[in-house]
There are 2 protein chains.
Amino acid sequence: MLIFETAQAMQAWCKQQKKAGQTIGLVPTMGYLHQGHLSLVQEARRQCDRVVVSIFVNPIQFGVGEDLDKYPRDLSGDCQLLEEAQTDAVFAPSARDMYPEAYATFVEMEGTITNRLCGASRPGHFRGVTTVVSKLFNICLPDQAFFGQKDAQQVLVIEKMVRELNFPLEIVRVPIKREADGLAMSSRNVYLSSEQRRQALVLSQALQQAGAIIGQGERDPAKIIAGMQTRIESAPEARIDYIEIYRAEDLADIKQIEGKVLIALAVKFGNTRLIDNLLVEV
Amino acid sequence: MLIFETAQAMQAWCKQQKKAGQTIGLVPTMGYLHQGHLSLVQEARRQCDRVVVSIFVNPIQFGVGEDLDKYPRDLSGDCQLLEEAQTDAVFAPSARDMYPEAYATFVEMEGTITNRLCGASRPGHFRGVTTVVSKLFNICLPDQAFFGQKDAQQVLVIEKMVRELNFPLEIVRVPIKREADGLAMSSRNVYLSSEQRRQALVLSQALQQAGAIIGQGERDPAKIIAGMQTRIESAPEARIDYIEIYRAEDLADIKQIEGKVLIALAVKFGNTRLIDNLLVEV
């Protein structure tokens, strides 16, 4: 497994692969890998000749007061997992390599798709995401790029960006990986105390409950959200950031559940902000 | 010569060329081609296996009240010139194909490089340029893209964008083409009355004069600009938008002429805004 630390070296290798007719699958990550990430790598391995995994804690997608400095990192542990998963190349650049002095170019998306949910709670977050992902696409030249459904809004934003900027590649969505008890896997789960970890189960439970009552015929988003709120507030340490339901395709408002909808939530336990979501089609 | 009218068809052809090992040279234009454009095509022909010329009057780089609606167009005349110049493919999309309904993704550059000169006179102009050029790069997959030094600030902005977003390609600058009497070639020259056309000679003359007095040892930008202003104001219809001198590399302020400097001007004759510039190294 090769490890590249500069955009220049990574891009040169990817150009070489493309010239030799190999397809490239890219899995962009911020490292501290778990089974969720590895399921993306497995999917890339299944579909592409060469698998590139990027590990980069992207400073410009973190807001002031967020957890950039203490975001968990373990490059050597990550590389061991990626080697076992038959990754061909790891791209682990420095922040200085990605954003040299006087850096000034950004990719931005306007509108509801970036202003709602995490976009409302984390101003500038998606501008950081679309910028770094554009850079990673240009450096790694993937035929396919793999993103987890866990970050539901992120994958929507990236898909729209790829269509609108005409990136010559396909986005592949991979389902959420959960712990045995239902908690969505996240690098941030390590921040939780054991008590918080136990209480955080209400998130997946609230989503399951929402799916169940929709299955029973409930079509009023407000009622579904109220039920989820009650369930989540039964956990003493939970502080709700948002619980919202939108049309899945573009995060447009809906008056009642129909077609494909996204039920999404963000909840803090102490300083740890967790997100989870459920796609429902009726 | 092939003509493509959709991004999808153009990109499919370019992918095919790349797969077959051919290099691609891209010449982005807004059409109504003159010898300046054709010199870019000749340079691309000399350096690349396949030459793609885009013809697209990009609405998002025009401001309110600018000349979008009356910008000169002549697609069939352009195609004839391009066929003679041994172009392989023309990309002439509609605005609706490039910017479908609910389009929301933009590439932006912050800082002095986009805020000065034409960026100050035309707010939003460079955001339109960086966005459309990013799209053209992703659609046409060039190994090299050719830009004229006539739009000096544009080529600086594009070069910086390519470096910062890591586009896998090289920008080639091609010198300004001038009419026999010195006027820089421009599609907008057709707007000029014969009297304005005669008066517009002061632009290249003022630049030549500036180069000459720098050659004689003048190092004070203010004095050089004052001399140019006098020369240009000798033309009764000339209305100066700007005459400025900056460090050529990044449009930083300079107190005196040293290293490589860009002398740039924009002047209106009636409703027609002309630009011209001179690079000087001392």
# chains A, B, ... in the order shown; residues from 1 in each chain; ligands from 1
$ residues_around --residues "Asn189 in chain B" --least-positions-apart "5" --cutoff "10 Å" --atoms "only C-alpha atoms" --output "number ranges by chain"
B: 183-184, 196-197, 200, 272-274
$ interface_residues --of "chain A" --to "chain B" --cutoff "7 Å" --atoms "only C-alpha atoms" --output "ChimeraX atom specification"
/A:19,21,103-111,134-135,138-139,161,164-168
$ write_last_selection --atoms "N, CA and C atoms" --output "PDB file, in the first residue's frame"
ATOM      1  N   LYS A  19      -3.810   6.568 -17.128  1.00  0.00           N
ATOM      2  CA  LYS A  19      -3.151   6.365 -18.417  1.00  0.00           C
ATOM      3  C   LYS A  19      -3.035   4.878 -18.736  1.00  0.00           C
ATOM      4  N   GLY A  21      -5.165   2.799 -18.008  1.00  0.00           N
ATOM      5  CA  GLY A  21      -6.500   2.246 -18.210  1.00  0.00           C
ATOM      6  C   GLY A  21      -7.183   1.724 -16.960  1.00  0.00           C
ATOM      7  N   TYR A 103      -4.135  31.108   0.293  1.00  0.00           N
ATOM      8  CA  TYR A 103      -5.173  30.304  -0.379  1.00  0.00           C
ATOM      9  C   TYR A 103      -6.472  31.096  -0.443  1.00  0.00           C
ATOM     10  N   ALA A 104      -7.172  31.086  -1.587  1.00  0.00           N
ATOM     11  CA  ALA A 104      -8.339  31.971  -1.733  1.00  0.00           C
ATOM     12  C   ALA A 104      -9.498  31.397  -2.550  1.00  0.00           C
ATOM     13  N   THR A 105      -9.423  30.132  -2.989  1.00  0.00           N
ATOM     14  CA  THR A 105     -10.445  29.593  -3.897  1.00  0.00           C
ATOM     15  C   THR A 105     -11.395  28.638  -3.174  1.00  0.00           C
ATOM     16  N   PHE A 106     -12.693  28.895  -3.311  1.00  0.00           N
ATOM     17  CA  PHE A 106     -13.694  28.092  -2.603  1.00  0.00           C
ATOM     18  C   PHE A 106     -14.829  27.704  -3.538  1.00  0.00           C
ATOM     19  N   VAL A 107     -15.388  26.522  -3.289  1.00  0.00           N
ATOM     20  CA  VAL A 107     -16.579  26.077  -4.015  1.00  0.00           C
ATOM     21  C   VAL A 107     -17.763  26.213  -3.059  1.00  0.00           C
ATOM     22  N   GLU A 108     -18.799  26.902  -3.534  1.00  0.00           N
ATOM     23  CA  GLU A 108     -19.936  27.201  -2.672  1.00  0.00           C
ATOM     24  C   GLU A 108     -21.222  26.744  -3.313  1.00  0.00           C
ATOM     25  N   MET A 109     -22.157  26.282  -2.471  1.00  0.00           N
ATOM     26  CA  MET A 109     -23.491  25.979  -2.978  1.00  0.00           C
ATOM     27  C   MET A 109     -24.499  26.820  -2.212  1.00  0.00           C
ATOM     28  N   GLU A 110     -25.373  27.485  -2.977  1.00  0.00           N
ATOM     29  CA  GLU A 110     -26.392  28.330  -2.366  1.00  0.00           C
ATOM     30  C   GLU A 110     -27.665  27.526  -2.125  1.00  0.00           C
ATOM     31  N   GLY A 111     -28.570  28.074  -1.338  1.00  0.00           N
ATOM     32  CA  GLY A 111     -29.931  27.539  -1.278  1.00  0.00           C
ATOM     33  C   GLY A 111     -30.210  26.619  -0.113  1.00  0.00           C
ATOM     34  N   SER A 134     -13.901  18.938  -3.946  1.00  0.00           N
ATOM     35  CA  SER A 134     -13.481  19.331  -5.304  1.00  0.00           C
ATOM     36  C   SER A 134     -11.986  19.122  -5.487  1.00  0.00           C
ATOM     37  N   LYS A 135     -11.215  19.539  -4.479  1.00  0.00           N
ATOM     38  CA  LYS A 135      -9.769  19.350  -4.547  1.00  0.00           C
ATOM     39  C   LYS A 135      -9.419  17.850  -4.620  1.00  0.00           C
ATOM     40  N   ASN A 138     -10.049  16.444  -8.030  1.00  0.00           N
ATOM     41  CA  ASN A 138      -9.051  16.856  -9.020  1.00  0.00           C
ATOM     42  C   ASN A 138      -7.704  16.198  -8.789  1.00  0.00           C
ATOM     43  N   ILE A 139      -7.398  15.895  -7.539  1.00  0.00           N
ATOM     44  CA  ILE A 139      -6.116  15.256  -7.214  1.00  0.00           C
ATOM     45  C   ILE A 139      -6.168  13.756  -7.524  1.00  0.00           C
ATOM     46  N   MET A 161     -23.334  18.970  -6.451  1.00  0.00           N
ATOM     47  CA  MET A 161     -22.116  19.626  -6.917  1.00  0.00           C
ATOM     48  C   MET A 161     -21.535  18.897  -8.135  1.00  0.00           C
ATOM     49  N   GLU A 164     -23.663  19.720 -11.099  1.00  0.00           N
ATOM     50  CA  GLU A 164     -23.648  21.118 -11.542  1.00  0.00           C
ATOM     51  C   GLU A 164     -22.280  21.575 -12.030  1.00  0.00           C
ATOM     52  N   LEU A 165     -21.200  21.077 -11.414  1.00  0.00           N
ATOM     53  CA  LEU A 165     -19.860  21.431 -11.920  1.00  0.00           C
ATOM     54  C   LEU A 165     -19.369  20.422 -12.955  1.00  0.00           C
ATOM     55  N   ASN A 166     -20.207  19.424 -13.296  1.00  0.00           N
ATOM     56  CA  ASN A 166     -19.875  18.453 -14.352  1.00  0.00           C
ATOM     57  C   ASN A 166     -18.644  17.607 -14.059  1.00  0.00           C
ATOM     58  N   PHE A 167     -18.387  17.288 -12.782  1.00  0.00           N
ATOM     59  CA  PHE A 167     -17.251  16.398 -12.494  1.00  0.00           C
ATOM     60  C   PHE A 167     -17.457  15.070 -13.242  1.00  0.00           C
ATOM     61  N   PRO A 168     -16.387  14.560 -13.858  1.00  0.00           N
ATOM     62  CA  PRO A 168     -16.525  13.361 -14.714  1.00  0.00           C
ATOM     63  C   PRO A 168     -16.486  12.073 -13.885  1.00  0.00           C
TER      64      PRO A 168
END
$ select_by_dssp --residues "range 123-253 of chain B" --states "strand (DSSP E or B)" --output "JSON, numbers by chain"
{"B": [144, 145, 146, 147, 148, 170, 171, 172, 173, 174, 178, 184, 238, 239, 240, 241, 242, 243, 244, 245, 246, 247]}
$ residues_around --residues "Pro221 in chain A" --least-positions-apart "6" --cutoff "9 Å" --atoms "only C-alpha atoms" --output "number ranges by chain"
A: 244-246, 254-257
$ write_last_selection --atoms "C-alpha atoms" --output "JSON list (two decimals), in the first residue's frame"
[["chain", "number", "residue", "atom", "x", "y", "z"],
["A", 244, "GLU", "CA", -36.45, 17.66, 10.84],
["A", 245, "ILE", "CA", -38.23, 16.00, 7.93],
["A", 246, "TYR", "CA", -37.75, 17.14, 4.32],
["A", 254, "ILE", "CA", -43.15, 19.06, 2.95],
["A", 255, "LYS", "CA", -46.59, 19.43, 4.47],
["A", 256, "GLN", "CA", -47.17, 15.70, 4.67],
["A", 257, "ILE", "CA", -45.20, 12.53, 4.26]]
$ select_by_dssp --residues "range 71-279 of chain A" --states "alpha helix (DSSP H)" --output "PyMOL selection string"
chain A and resi 75-84+95-98+112-115+118-121+125-140+152-165+194-199+201-215+221-233
$ atom_distance --atom1 "CA of Ala210 in chain B" --atom2 "CA of Arg231 in chain B"
10.3 Å
$ residues_around --residues "Gly148 in chain B" --least-positions-apart "5" --cutoff "8 Å" --atoms "only C-alpha atoms" --output "list of chain:residue names"
B:Gly36, B:His37, B:Leu40, B:Val155, B:Arg173, B:Val174, B:Pro175, B:Ile176
$ residues_around --residues "Arg50 in chain A" --least-positions-apart "6" --cutoff "9 Å" --atoms "only C-alpha atoms" --output "ChimeraX atom specification"
/A:17,22-26,44,87-89
$ write_last_selection --atoms "C-alpha atoms" --output "short mmCIF file (atom, residue, chain, number, x, y, z; two decimals), in the first residue's frame"
data_model
loop_
_atom_site.label_atom_id
_atom_site.label_comp_id
_atom_site.auth_asym_id
_atom_site.auth_seq_id
_atom_site.Cartn_x
_atom_site.Cartn_y
_atom_site.Cartn_z
CA GLN A 17 -3.10 4.74 -13.25
CA GLN A 22 -7.21 1.53 -14.53
CA THR A 23 -10.41 2.82 -12.91
CA ILE A 24 -10.03 4.62 -9.58
CA GLY A 25 -12.39 4.49 -6.60
CA LEU A 26 -11.97 7.26 -4.01
CA ALA A 44 -14.79 0.67 -3.80
CA THR A 87 -6.41 -0.33 -0.29
CA ASP A 88 -3.94 0.60 -3.03
CA ALA A 89 -3.05 4.12 -1.94
#
$ atom_distance --atom1 "CA of Ile240 in chain B" --atom2 "CA of Gly128 in chain B"
24.1 Å
$ residues_around --residues "Leu201 in chain A" --least-positions-apart "6" --cutoff "9 Å" --atoms "only C-alpha atoms" --output "list of chain:residue names"
A:Asp181, A:Gly182, A:Leu183, A:Ile232, A:Ala235
$ write_last_selection --atoms "C-alpha atoms" --output "PDB file, in the first residue's frame"
ATOM      1  CA  ASP A 181     -27.386  -1.999  19.536  1.00  0.00           C
ATOM      2  CA  GLY A 182     -28.252   0.454  16.737  1.00  0.00           C
ATOM      3  CA  LEU A 183     -25.999   3.479  17.360  1.00  0.00           C
ATOM      4  CA  ILE A 232     -34.995  11.655  22.743  1.00  0.00           C
ATOM      5  CA  ALA A 235     -32.386  10.669  27.821  1.00  0.00           C
TER       6      ALA A 235
END
$ residues_around --residues "Gly124 in chain A" --least-positions-apart "2" --cutoff "10 Å" --atoms "only C-alpha atoms" --output "list in words"
Ile60, Gln61, Phe62, Gly63, Glu108, Thr114, Asn115, Cys118, Gly119, Ala120, Ser121, Arg122, Phe126, Arg127, Gly128 and Val129 of chain A
$ write_last_selection --atoms "N, CA and C atoms" --output "PDB file, in the first residue's frame"
ATOM      1  N   ILE A  60     -11.151  23.699   7.129  1.00  0.00           N
ATOM      2  CA  ILE A  60     -12.126  24.724   6.714  1.00  0.00           C
ATOM      3  C   ILE A  60     -13.575  24.259   6.791  1.00  0.00           C
ATOM      4  N   GLN A  61     -13.818  22.997   7.175  1.00  0.00           N
ATOM      5  CA  GLN A  61     -15.213  22.601   7.375  1.00  0.00           C
ATOM      6  C   GLN A  61     -15.597  22.620   8.850  1.00  0.00           C
ATOM      7  N   PHE A  62     -14.651  23.028   9.721  1.00  0.00           N
ATOM      8  CA  PHE A  62     -14.936  23.176  11.150  1.00  0.00           C
ATOM      9  C   PHE A  62     -15.188  24.644  11.451  1.00  0.00           C
ATOM     10  N   GLY A  63     -16.196  24.933  12.261  1.00  0.00           N
ATOM     11  CA  GLY A  63     -16.455  26.302  12.669  1.00  0.00           C
ATOM     12  C   GLY A  63     -15.630  26.671  13.898  1.00  0.00           C
ATOM     13  N   GLU A 108     -18.799  26.902  -3.534  1.00  0.00           N
ATOM     14  CA  GLU A 108     -19.936  27.201  -2.672  1.00  0.00           C
ATOM     15  C   GLU A 108     -21.222  26.744  -3.313  1.00  0.00           C
ATOM     16  N   THR A 114     -28.030  23.580   1.378  1.00  0.00           N
ATOM     17  CA  THR A 114     -26.887  23.787   2.283  1.00  0.00           C
ATOM     18  C   THR A 114     -27.236  24.629   3.507  1.00  0.00           C
ATOM     19  N   ASN A 115     -28.410  25.266   3.509  1.00  0.00           N
ATOM     20  CA  ASN A 115     -28.748  26.155   4.639  1.00  0.00           C
ATOM     21  C   ASN A 115     -29.481  25.443   5.766  1.00  0.00           C
ATOM     22  N   CYS A 118     -27.584  20.510   9.163  1.00  0.00           N
ATOM     23  CA  CYS A 118     -26.237  20.853   9.637  1.00  0.00           C
ATOM     24  C   CYS A 118     -25.749  22.187   9.070  1.00  0.00           C
ATOM     25  N   GLY A 119     -26.271  22.599   7.921  1.00  0.00           N
ATOM     26  CA  GLY A 119     -25.887  23.882   7.341  1.00  0.00           C
ATOM     27  C   GLY A 119     -26.339  25.047   8.195  1.00  0.00           C
ATOM     28  N   ALA A 120     -27.487  24.893   8.874  1.00  0.00           N
ATOM     29  CA  ALA A 120     -27.979  25.945   9.766  1.00  0.00           C
ATOM     30  C   ALA A 120     -27.181  25.952  11.073  1.00  0.00           C
ATOM     31  N   SER A 121     -26.851  24.775  11.590  1.00  0.00           N
ATOM     32  CA  SER A 121     -26.118  24.681  12.865  1.00  0.00           C
ATOM     33  C   SER A 121     -24.640  24.997  12.698  1.00  0.00           C
ATOM     34  N   ARG A 122     -24.113  24.765  11.493  1.00  0.00           N
ATOM     35  CA  ARG A 122     -22.670  24.884  11.282  1.00  0.00           C
ATOM     36  C   ARG A 122     -22.403  25.765  10.053  1.00  0.00           C
ATOM     37  N   PHE A 126     -20.515  23.416   4.884  1.00  0.00           N
ATOM     38  CA  PHE A 126     -20.606  22.779   3.563  1.00  0.00           C
ATOM     39  C   PHE A 126     -19.706  23.453   2.532  1.00  0.00           C
ATOM     40  N   ARG A 127     -19.417  24.737   2.728  1.00  0.00           N
ATOM     41  CA  ARG A 127     -18.444  25.393   1.860  1.00  0.00           C
ATOM     42  C   ARG A 127     -17.075  24.713   2.018  1.00  0.00           C
ATOM     43  N   GLY A 128     -16.735  24.355   3.254  1.00  0.00           N
ATOM     44  CA  GLY A 128     -15.493  23.614   3.491  1.00  0.00           C
ATOM     45  C   GLY A 128     -15.532  22.239   2.849  1.00  0.00           C
ATOM     46  N   VAL A 129     -16.688  21.592   2.918  1.00  0.00           N
ATOM     47  CA  VAL A 129     -16.828  20.238   2.359  1.00  0.00           C
ATOM     48  C   VAL A 129     -16.735  20.274   0.832  1.00  0.00           C
TER      49      VAL A 129
END
$ atom_distance --atom1 "CA of Val90 in chain A" --atom2 "CA of Val52 in chain A"
5.7 Å
$ decode --residues "range 65-108 of chain B" --atoms "N, CA and C atoms" --output "PDB file, in the first residue's frame"
ATOM      1  N   GLY B  65     -27.085  45.391 -16.574  1.00  0.00           N
ATOM      2  CA  GLY B  65     -26.787  46.573 -17.387  1.00  0.00           C
ATOM      3  C   GLY B  65     -25.593  46.394 -18.293  1.00  0.00           C
ATOM      4  N   GLU B  66     -24.919  45.237 -18.230  1.00  0.00           N
ATOM      5  CA  GLU B  66     -23.813  45.004 -19.162  1.00  0.00           C
ATOM      6  C   GLU B  66     -24.373  44.474 -20.495  1.00  0.00           C
ATOM      7  N   ASP B  67     -23.453  44.079 -21.398  1.00  0.00           N
ATOM      8  CA  ASP B  67     -23.863  43.847 -22.784  1.00  0.00           C
ATOM      9  C   ASP B  67     -24.185  42.395 -23.143  1.00  0.00           C
ATOM     10  N   LEU B  68     -24.702  41.619 -22.153  1.00  0.00           N
ATOM     11  CA  LEU B  68     -25.016  40.211 -22.431  1.00  0.00           C
ATOM     12  C   LEU B  68     -25.927  40.054 -23.645  1.00  0.00           C
ATOM     13  N   ASP B  69     -27.025  40.812 -23.675  1.00  0.00           N
ATOM     14  CA  ASP B  69     -28.021  40.590 -24.725  1.00  0.00           C
ATOM     15  C   ASP B  69     -27.515  40.961 -26.101  1.00  0.00           C
ATOM     16  N   LYS B  70     -26.652  41.989 -26.149  1.00  0.00           N
ATOM     17  CA  LYS B  70     -26.194  42.392 -27.476  1.00  0.00           C
ATOM     18  C   LYS B  70     -24.758  41.943 -27.767  1.00  0.00           C
ATOM     19  N   TYR B  71     -24.205  41.057 -26.905  1.00  0.00           N
ATOM     20  CA  TYR B  71     -22.862  40.551 -27.192  1.00  0.00           C
ATOM     21  C   TYR B  71     -22.874  39.892 -28.569  1.00  0.00           C
ATOM     22  N   PRO B  72     -21.899  40.222 -29.444  1.00  0.00           N
ATOM     23  CA  PRO B  72     -21.987  39.733 -30.830  1.00  0.00           C
ATOM     24  C   PRO B  72     -21.840  38.209 -30.919  1.00  0.00           C
ATOM     25  N   ARG B  73     -22.663  37.609 -31.782  1.00  0.00           N
ATOM     26  CA  ARG B  73     -22.647  36.150 -31.962  1.00  0.00           C
ATOM     27  C   ARG B  73     -22.628  35.823 -33.445  1.00  0.00           C
ATOM     28  N   ASP B  74     -21.899  34.770 -33.832  1.00  0.00           N
ATOM     29  CA  ASP B  74     -21.872  34.310 -35.229  1.00  0.00           C
ATOM     30  C   ASP B  74     -21.357  32.878 -35.256  1.00  0.00           C
ATOM     31  N   LEU B  75     -22.200  31.950 -34.802  1.00  0.00           N
ATOM     32  CA  LEU B  75     -21.757  30.560 -34.640  1.00  0.00           C
ATOM     33  C   LEU B  75     -21.307  29.949 -35.964  1.00  0.00           C
ATOM     34  N   SER B  76     -22.049  30.217 -37.052  1.00  0.00           N
ATOM     35  CA  SER B  76     -21.649  29.534 -38.299  1.00  0.00           C
ATOM     36  C   SER B  76     -20.343  30.116 -38.833  1.00  0.00           C
ATOM     37  N   GLY B  77     -20.190  31.440 -38.731  1.00  0.00           N
ATOM     38  CA  GLY B  77     -18.911  32.041 -39.126  1.00  0.00           C
ATOM     39  C   GLY B  77     -17.763  31.509 -38.276  1.00  0.00           C
ATOM     40  N   ASP B  78     -17.998  31.405 -36.961  1.00  0.00           N
ATOM     41  CA  ASP B  78     -16.973  30.881 -36.055  1.00  0.00           C
ATOM     42  C   ASP B  78     -16.572  29.458 -36.454  1.00  0.00           C
ATOM     43  N   CYS B  79     -17.588  28.625 -36.764  1.00  0.00           N
ATOM     44  CA  CYS B  79     -17.299  27.224 -37.078  1.00  0.00           C
ATOM     45  C   CYS B  79     -16.468  27.114 -38.359  1.00  0.00           C
ATOM     46  N   GLN B  80     -16.734  28.017 -39.299  1.00  0.00           N
ATOM     47  CA  GLN B  80     -15.945  28.002 -40.530  1.00  0.00           C
ATOM     48  C   GLN B  80     -14.471  28.318 -40.231  1.00  0.00           C
ATOM     49  N   LEU B  81     -14.248  29.365 -39.430  1.00  0.00           N
ATOM     50  CA  LEU B  81     -12.864  29.708 -39.050  1.00  0.00           C
ATOM     51  C   LEU B  81     -12.194  28.566 -38.293  1.00  0.00           C
ATOM     52  N   LEU B  82     -12.957  27.919 -37.414  1.00  0.00           N
ATOM     53  CA  LEU B  82     -12.373  26.854 -36.590  1.00  0.00           C
ATOM     54  C   LEU B  82     -12.050  25.619 -37.426  1.00  0.00           C
ATOM     55  N   GLU B  83     -12.897  25.348 -38.417  1.00  0.00           N
ATOM     56  CA  GLU B  83     -12.632  24.207 -39.308  1.00  0.00           C
ATOM     57  C   GLU B  83     -11.336  24.460 -40.080  1.00  0.00           C
ATOM     58  N   GLU B  84     -11.186  25.695 -40.590  1.00  0.00           N
ATOM     59  CA  GLU B  84      -9.947  26.049 -41.301  1.00  0.00           C
ATOM     60  C   GLU B  84      -8.720  25.935 -40.396  1.00  0.00           C
ATOM     61  N   ALA B  85      -8.929  26.188 -39.099  1.00  0.00           N
ATOM     62  CA  ALA B  85      -7.803  26.141 -38.150  1.00  0.00           C
ATOM     63  C   ALA B  85      -7.594  24.730 -37.604  1.00  0.00           C
ATOM     64  N   GLN B  86      -8.250  23.732 -38.231  1.00  0.00           N
ATOM     65  CA  GLN B  86      -8.075  22.320 -37.862  1.00  0.00           C
ATOM     66  C   GLN B  86      -8.460  21.996 -36.419  1.00  0.00           C
ATOM     67  N   THR B  87      -9.570  22.603 -36.004  1.00  0.00           N
ATOM     68  CA  THR B  87     -10.153  22.258 -34.704  1.00  0.00           C
ATOM     69  C   THR B  87     -10.810  20.881 -34.817  1.00  0.00           C
ATOM     70  N   ASP B  88     -10.701  20.070 -33.763  1.00  0.00           N
ATOM     71  CA  ASP B  88     -11.344  18.752 -33.800  1.00  0.00           C
ATOM     72  C   ASP B  88     -12.795  18.808 -33.346  1.00  0.00           C
ATOM     73  N   ALA B  89     -13.057  19.612 -32.302  1.00  0.00           N
ATOM     74  CA  ALA B  89     -14.420  19.627 -31.768  1.00  0.00           C
ATOM     75  C   ALA B  89     -14.756  21.003 -31.221  1.00  0.00           C
ATOM     76  N   VAL B  90     -16.005  21.416 -31.479  1.00  0.00           N
ATOM     77  CA  VAL B  90     -16.537  22.670 -30.942  1.00  0.00           C
ATOM     78  C   VAL B  90     -17.577  22.314 -29.890  1.00  0.00           C
ATOM     79  N   PHE B  91     -17.511  22.998 -28.750  1.00  0.00           N
ATOM     80  CA  PHE B  91     -18.519  22.807 -27.703  1.00  0.00           C
ATOM     81  C   PHE B  91     -19.330  24.095 -27.616  1.00  0.00           C
ATOM     82  N   ALA B  92     -20.584  24.019 -28.050  1.00  0.00           N
ATOM     83  CA  ALA B  92     -21.450  25.212 -28.090  1.00  0.00           C
ATOM     84  C   ALA B  92     -22.766  24.901 -27.370  1.00  0.00           C
ATOM     85  N   PRO B  93     -22.737  24.887 -26.039  1.00  0.00           N
ATOM     86  CA  PRO B  93     -23.938  24.512 -25.278  1.00  0.00           C
ATOM     87  C   PRO B  93     -24.898  25.691 -25.138  1.00  0.00           C
ATOM     88  N   SER B  94     -26.130  25.392 -24.775  1.00  0.00           N
ATOM     89  CA  SER B  94     -27.093  26.447 -24.431  1.00  0.00           C
ATOM     90  C   SER B  94     -26.872  26.855 -22.971  1.00  0.00           C
ATOM     91  N   ALA B  95     -27.369  28.045 -22.619  1.00  0.00           N
ATOM     92  CA  ALA B  95     -27.275  28.488 -21.220  1.00  0.00           C
ATOM     93  C   ALA B  95     -28.046  27.525 -20.317  1.00  0.00           C
ATOM     94  N   ARG B  96     -29.174  26.995 -20.813  1.00  0.00           N
ATOM     95  CA  ARG B  96     -29.976  26.076 -20.013  1.00  0.00           C
ATOM     96  C   ARG B  96     -29.247  24.755 -19.747  1.00  0.00           C
ATOM     97  N   ASP B  97     -28.447  24.320 -20.711  1.00  0.00           N
ATOM     98  CA  ASP B  97     -27.670  23.096 -20.502  1.00  0.00           C
ATOM     99  C   ASP B  97     -26.569  23.328 -19.465  1.00  0.00           C
ATOM    100  N   MET B  98     -25.953  24.496 -19.480  1.00  0.00           N
ATOM    101  CA  MET B  98     -24.859  24.782 -18.540  1.00  0.00           C
ATOM    102  C   MET B  98     -25.396  25.119 -17.151  1.00  0.00           C
ATOM    103  N   TYR B  99     -26.542  25.801 -17.101  1.00  0.00           N
ATOM    104  CA  TYR B  99     -27.126  26.215 -15.812  1.00  0.00           C
ATOM    105  C   TYR B  99     -28.578  25.779 -15.752  1.00  0.00           C
ATOM    106  N   PRO B 100     -28.817  24.497 -15.452  1.00  0.00           N
ATOM    107  CA  PRO B 100     -30.204  24.001 -15.387  1.00  0.00           C
ATOM    108  C   PRO B 100     -30.965  24.690 -14.252  1.00  0.00           C
ATOM    109  N   GLU B 101     -32.269  24.526 -14.267  1.00  0.00           N
ATOM    110  CA  GLU B 101     -33.120  25.116 -13.227  1.00  0.00           C
ATOM    111  C   GLU B 101     -32.582  24.766 -11.837  1.00  0.00           C
ATOM    112  N   ALA B 102     -32.635  25.730 -10.934  1.00  0.00           N
ATOM    113  CA  ALA B 102     -32.198  25.551  -9.536  1.00  0.00           C
ATOM    114  C   ALA B 102     -30.687  25.370  -9.411  1.00  0.00           C
ATOM    115  N   TYR B 103     -29.954  25.777 -10.445  1.00  0.00           N
ATOM    116  CA  TYR B 103     -28.483  25.726 -10.389  1.00  0.00           C
ATOM    117  C   TYR B 103     -27.979  26.530  -9.192  1.00  0.00           C
ATOM    118  N   ALA B 104     -27.011  26.001  -8.439  1.00  0.00           N
ATOM    119  CA  ALA B 104     -26.623  26.666  -7.186  1.00  0.00           C
ATOM    120  C   ALA B 104     -25.139  26.586  -6.832  1.00  0.00           C
ATOM    121  N   THR B 105     -24.296  26.015  -7.696  1.00  0.00           N
ATOM    122  CA  THR B 105     -22.887  25.791  -7.328  1.00  0.00           C
ATOM    123  C   THR B 105     -21.957  26.787  -8.029  1.00  0.00           C
ATOM    124  N   PHE B 106     -21.132  27.449  -7.247  1.00  0.00           N
ATOM    125  CA  PHE B 106     -20.242  28.482  -7.783  1.00  0.00           C
ATOM    126  C   PHE B 106     -18.819  28.319  -7.244  1.00  0.00           C
ATOM    127  N   VAL B 107     -17.850  28.682  -8.075  1.00  0.00           N
ATOM    128  CA  VAL B 107     -16.456  28.711  -7.640  1.00  0.00           C
ATOM    129  C   VAL B 107     -16.080  30.175  -7.451  1.00  0.00           C
ATOM    130  N   GLU B 108     -15.545  30.476  -6.274  1.00  0.00           N
ATOM    131  CA  GLU B 108     -15.250  31.871  -5.936  1.00  0.00           C
ATOM    132  C   GLU B 108     -13.803  32.033  -5.514  1.00  0.00           C
TER     133      GLU B 108
END
